[in-house]
Amino acid sequence: MICLGRNTATGQQVQVKFGETIESIESIDAMEAGVASDIYVAPGFIDLQVNGFAGVDFNDPAIPVEDVARATDAILATGVTRFFPTVITAPAKTMLSSLGNLHRARKQLVHAAAVAGFHVEGPHIDPTDGPRGAHPVGSVRAPDFDEFQRWQEVTDGSIRIVTLSPHWPEAVDYIERLCAAGVVVAIGHTGASSAQIAEAVSAGATLSTHLGNAGPAMVRKFPNCLWDQLAEDRLSASFILDGAHLGAHLDPAYLRVALRAKGLARTILVTDAATPAGAMPGDYRLGELDVELTRDGRVVLRGQERLAGSALRMNRAIANLMATGEATLAEAVAAATVNPANVARISGRMHGLATGERADVVVFRLTDRLEILEVYLDGKRTGVATA
């Protein structure tokens, strides 16, 4: 296969030739090749946190494989070629059933390679209002390595990311054991102290999950869990940039400060997409929660204003990061490609658009929006409708 366009990393007009992996990247004369100046070629996007999509709830242990396939195709249409279905806090049996069901479905998907592994967000989070976010308080519980092993058993070892709060007395031992098992440990949904965050990082935590969301409504001037994570260079941080609703998830001033403090090399874009993402406004389920997609694009607990994930698409998140004025196109694309690939240790995706890397390739038009035109997974065009 061959794709033509501007390399998002360099701005040069290139021809990318690939099979299952990228074979060559050569400079071309755009006028001779007939390529419009607003067409770009990039590595396929990566999303570390997807709770559901296209009306499909990944936390429902009974969703059929056809629904998982439909959600996967809709995610691919946004330019995301590797993603982590995310299971959130619920009773132990429900979480185990959800993970097992997703894994069984994954093995039957046409685009199975798009599922890079599973992310478990909770249940070992802070149970207090604010840090807990929309997670059900009755299912919050302390870290339990035996429970983690059960997750791994039903997914054939496919749990790749676990988000937890390090305030639990068991947290340090748990983090060390997860890291020894090759799992990425993220800090999130927490009001942990400076010492607890420092201990978690020393134990092996490498990521802050949607930093700035799901924390105390009021924090002391210093120290506090936001500054502690922003100042820690060993932590990358994910952010939800939901555009016109930026004030819903992140205050614009906080976001600018956070991006500058963390640095774009340690910034990761996630959607935290919930069941209604890519669907029509209305009522939906997210695990144990009744949620609503409002007409202005927010996903909230039904009848409330509390956020419960987002309806964000990754192509829009990249454009939204550029719109802040804090990132170039190359930096914004990196935040959705090589940065998450390196944190999640996705082999063949850590070097971007480079020879020898997996041929996950996206072609898009960049005008006042980022319009996906073509999506390739392991060198094969997905054939899904683009967004």
# chains A, B, ... in the order shown; residues from 1 in each chain; ligands from 1
>>> select_by_dssp(residues="stretch 281-347 of chain A", states="strand (DSSP E or B)", output="list of chain:residue names")
A:Gly282, A:Asp283, A:Tyr284, A:Arg285, A:Leu286, A:Leu289, A:Asp290, A:Val291, A:Glu292, A:Leu293, A:Val299, A:Val300, A:Leu301, A:Leu307, A:Ser310
>>> write_last_selection(atoms="C-alpha atoms", output="mmCIF file, in the first residue's frame")
data_model
loop_
_atom_site.group_PDB
_atom_site.id
_atom_site.type_symbol
_atom_site.label_atom_id
_atom_site.label_comp_id
_atom_site.auth_asym_id
_atom_site.auth_seq_id
_atom_site.Cartn_x
_atom_site.Cartn_y
_atom_site.Cartn_z
ATOM 1 C CA GLY A 282 -30.301 10.458 25.142
ATOM 2 C CA ASP A 283 -30.192 7.972 28.004
ATOM 3 C CA TYR A 284 -27.585 5.202 28.265
ATOM 4 C CA ARG A 285 -25.913 2.872 30.758
ATOM 5 C CA LEU A 286 -22.257 2.846 31.852
ATOM 6 C CA LEU A 289 -24.598 3.984 36.185
ATOM 7 C CA ASP A 290 -27.489 5.619 34.373
ATOM 8 C CA VAL A 291 -25.932 8.299 32.166
ATOM 9 C CA GLU A 292 -27.160 10.850 29.680
ATOM 10 C CA LEU A 293 -25.620 12.424 26.611
ATOM 11 C CA VAL A 299 -21.962 12.782 29.354
ATOM 12 C CA VAL A 300 -23.423 13.160 32.850
ATOM 13 C CA LEU A 301 -25.118 11.028 35.469
ATOM 14 C CA LEU A 307 -19.572 14.069 34.480
ATOM 15 C CA SER A 310 -17.060 11.958 27.691
#
>>> closest_atom_pairs(of="stretch 36-81 of chain A", to="stretch 228-244 of chain A", cutoff="12 Å", atoms="only C-alpha atoms", output="tab-separated table")
residue	atom	partner	partner_atom	distance
A:Ile46	CA	A:Ser238	CA	12.0
A:Asp47	CA	A:Ser238	CA	10.0
A:Leu48	CA	A:Ser238	CA	8.7
A:Gln49	CA	A:Ser238	CA	9.4
A:Val50	CA	A:Ile240	CA	11.6
>>> closest_residue(among="A:Ala205, A:Ala308, A:Ala33, A:Ala317", to="A:Arg132", atoms="only C-alpha atoms")
A:Ala308
>>> residues_around(residues="stretch 20-30 of chain A", least_positions_apart="4", cutoff="7 Å", atoms="only C-alpha atoms", output="list in words")
Gln12, Gln13, Val14, Gln15, Val16, Gly34, Val35, Ala354, Thr355, Gly356, Glu357, Arg358, Ala359, Asp378 and Gly379 of chain A
>>> closest_residue(among="A:Leu96, A:Ala319, A:Ala142, A:Val363", to="A:Val154", atoms="only C-alpha atoms")
A:Leu96
>>> residues_around(residues="A:Phe118", least_positions_apart="6", cutoff="7 Å", atoms="only C-alpha atoms", output="VMD selection string")
chain A and resid 84 to 86 158 to 161
>>> decode(residues="stretch 347-374 of chain A", atoms="N, CA and C atoms", output="compact mmCIF listing (two decimals), in the first residue's frame")
# COMPACT_ATOMS: atom_id res chain seq x y z
N SER A 347 4.53 -2.40 21.41
CA SER A 347 5.63 -2.71 20.51
C SER A 347 5.27 -2.34 19.08
N GLY A 348 6.26 -1.85 18.36
CA GLY A 348 6.06 -1.47 16.97
C GLY A 348 5.35 -0.16 16.77
N ARG A 349 5.11 0.58 17.85
CA ARG A 349 4.39 1.85 17.75
C ARG A 349 5.12 2.98 18.47
N MET A 350 6.30 2.73 18.98
CA MET A 350 6.94 3.71 19.85
C MET A 350 7.74 4.78 19.11
N HIS A 351 7.92 4.61 17.79
CA HIS A 351 8.77 5.53 17.04
C HIS A 351 8.01 6.33 16.00
N GLY A 352 6.70 6.24 16.00
CA GLY A 352 5.92 7.05 15.08
C GLY A 352 5.95 6.51 13.67
N LEU A 353 5.92 7.45 12.73
CA LEU A 353 5.94 7.08 11.31
C LEU A 353 7.40 6.82 10.92
N ALA A 354 7.81 5.55 11.03
CA ALA A 354 9.21 5.20 10.81
C ALA A 354 9.29 3.81 10.20
N THR A 355 10.31 3.57 9.39
CA THR A 355 10.46 2.26 8.78
C THR A 355 10.61 1.19 9.86
N GLY A 356 9.97 0.06 9.61
CA GLY A 356 10.02 -1.04 10.56
C GLY A 356 8.90 -1.03 11.58
N GLU A 357 8.22 0.10 11.74
CA GLU A 357 7.12 0.17 12.68
C GLU A 357 5.87 -0.48 12.08
N ARG A 358 4.94 -0.85 12.93
CA ARG A 358 3.68 -1.40 12.45
C ARG A 358 3.00 -0.40 11.52
N ALA A 359 2.38 -0.90 10.48
CA ALA A 359 1.73 -0.01 9.51
C ALA A 359 0.32 0.34 9.98
N ASP A 360 0.25 1.02 11.10
CA ASP A 360 -0.97 1.69 11.54
C ASP A 360 -0.86 3.11 11.02
N VAL A 361 -1.64 3.44 10.02
CA VAL A 361 -1.47 4.72 9.31
C VAL A 361 -2.83 5.41 9.18
N VAL A 362 -2.82 6.70 9.37
CA VAL A 362 -4.02 7.52 9.22
C VAL A 362 -3.72 8.63 8.22
N VAL A 363 -4.63 8.86 7.30
CA VAL A 363 -4.56 9.99 6.38
C VAL A 363 -5.71 10.92 6.73
N PHE A 364 -5.42 12.20 6.91
CA PHE A 364 -6.47 13.14 7.28
C PHE A 364 -6.30 14.48 6.59
N ARG A 365 -7.38 15.21 6.51
CA ARG A 365 -7.37 16.58 6.00
C ARG A 365 -7.48 17.52 7.19
N LEU A 366 -6.60 18.51 7.22
CA LEU A 366 -6.61 19.48 8.31
C LEU A 366 -7.00 20.84 7.78
N THR A 367 -8.20 21.28 8.15
CA THR A 367 -8.66 22.63 7.82
C THR A 367 -9.02 23.28 9.14
N ASP A 368 -10.29 23.61 9.33
CA ASP A 368 -10.70 24.09 10.65
C ASP A 368 -11.07 22.92 11.55
N ARG A 369 -10.96 21.71 11.02
CA ARG A 369 -11.17 20.47 11.77
C ARG A 369 -10.22 19.42 11.24
N LEU A 370 -10.15 18.30 11.94
CA LEU A 370 -9.29 17.21 11.51
C LEU A 370 -10.19 16.09 11.01
N GLU A 371 -10.25 15.97 9.67
CA GLU A 371 -11.17 15.02 9.03
C GLU A 371 -10.43 13.76 8.60
N ILE A 372 -10.82 12.64 9.18
CA ILE A 372 -10.18 11.37 8.86
C ILE A 372 -10.62 10.91 7.46
N LEU A 373 -9.64 10.54 6.62
CA LEU A 373 -9.92 10.10 5.25
C LEU A 373 -9.67 8.61 5.05
N GLU A 374 -8.55 8.11 5.57
CA GLU A 374 -8.19 6.70 5.42
C GLU A 374 -7.59 6.21 6.72
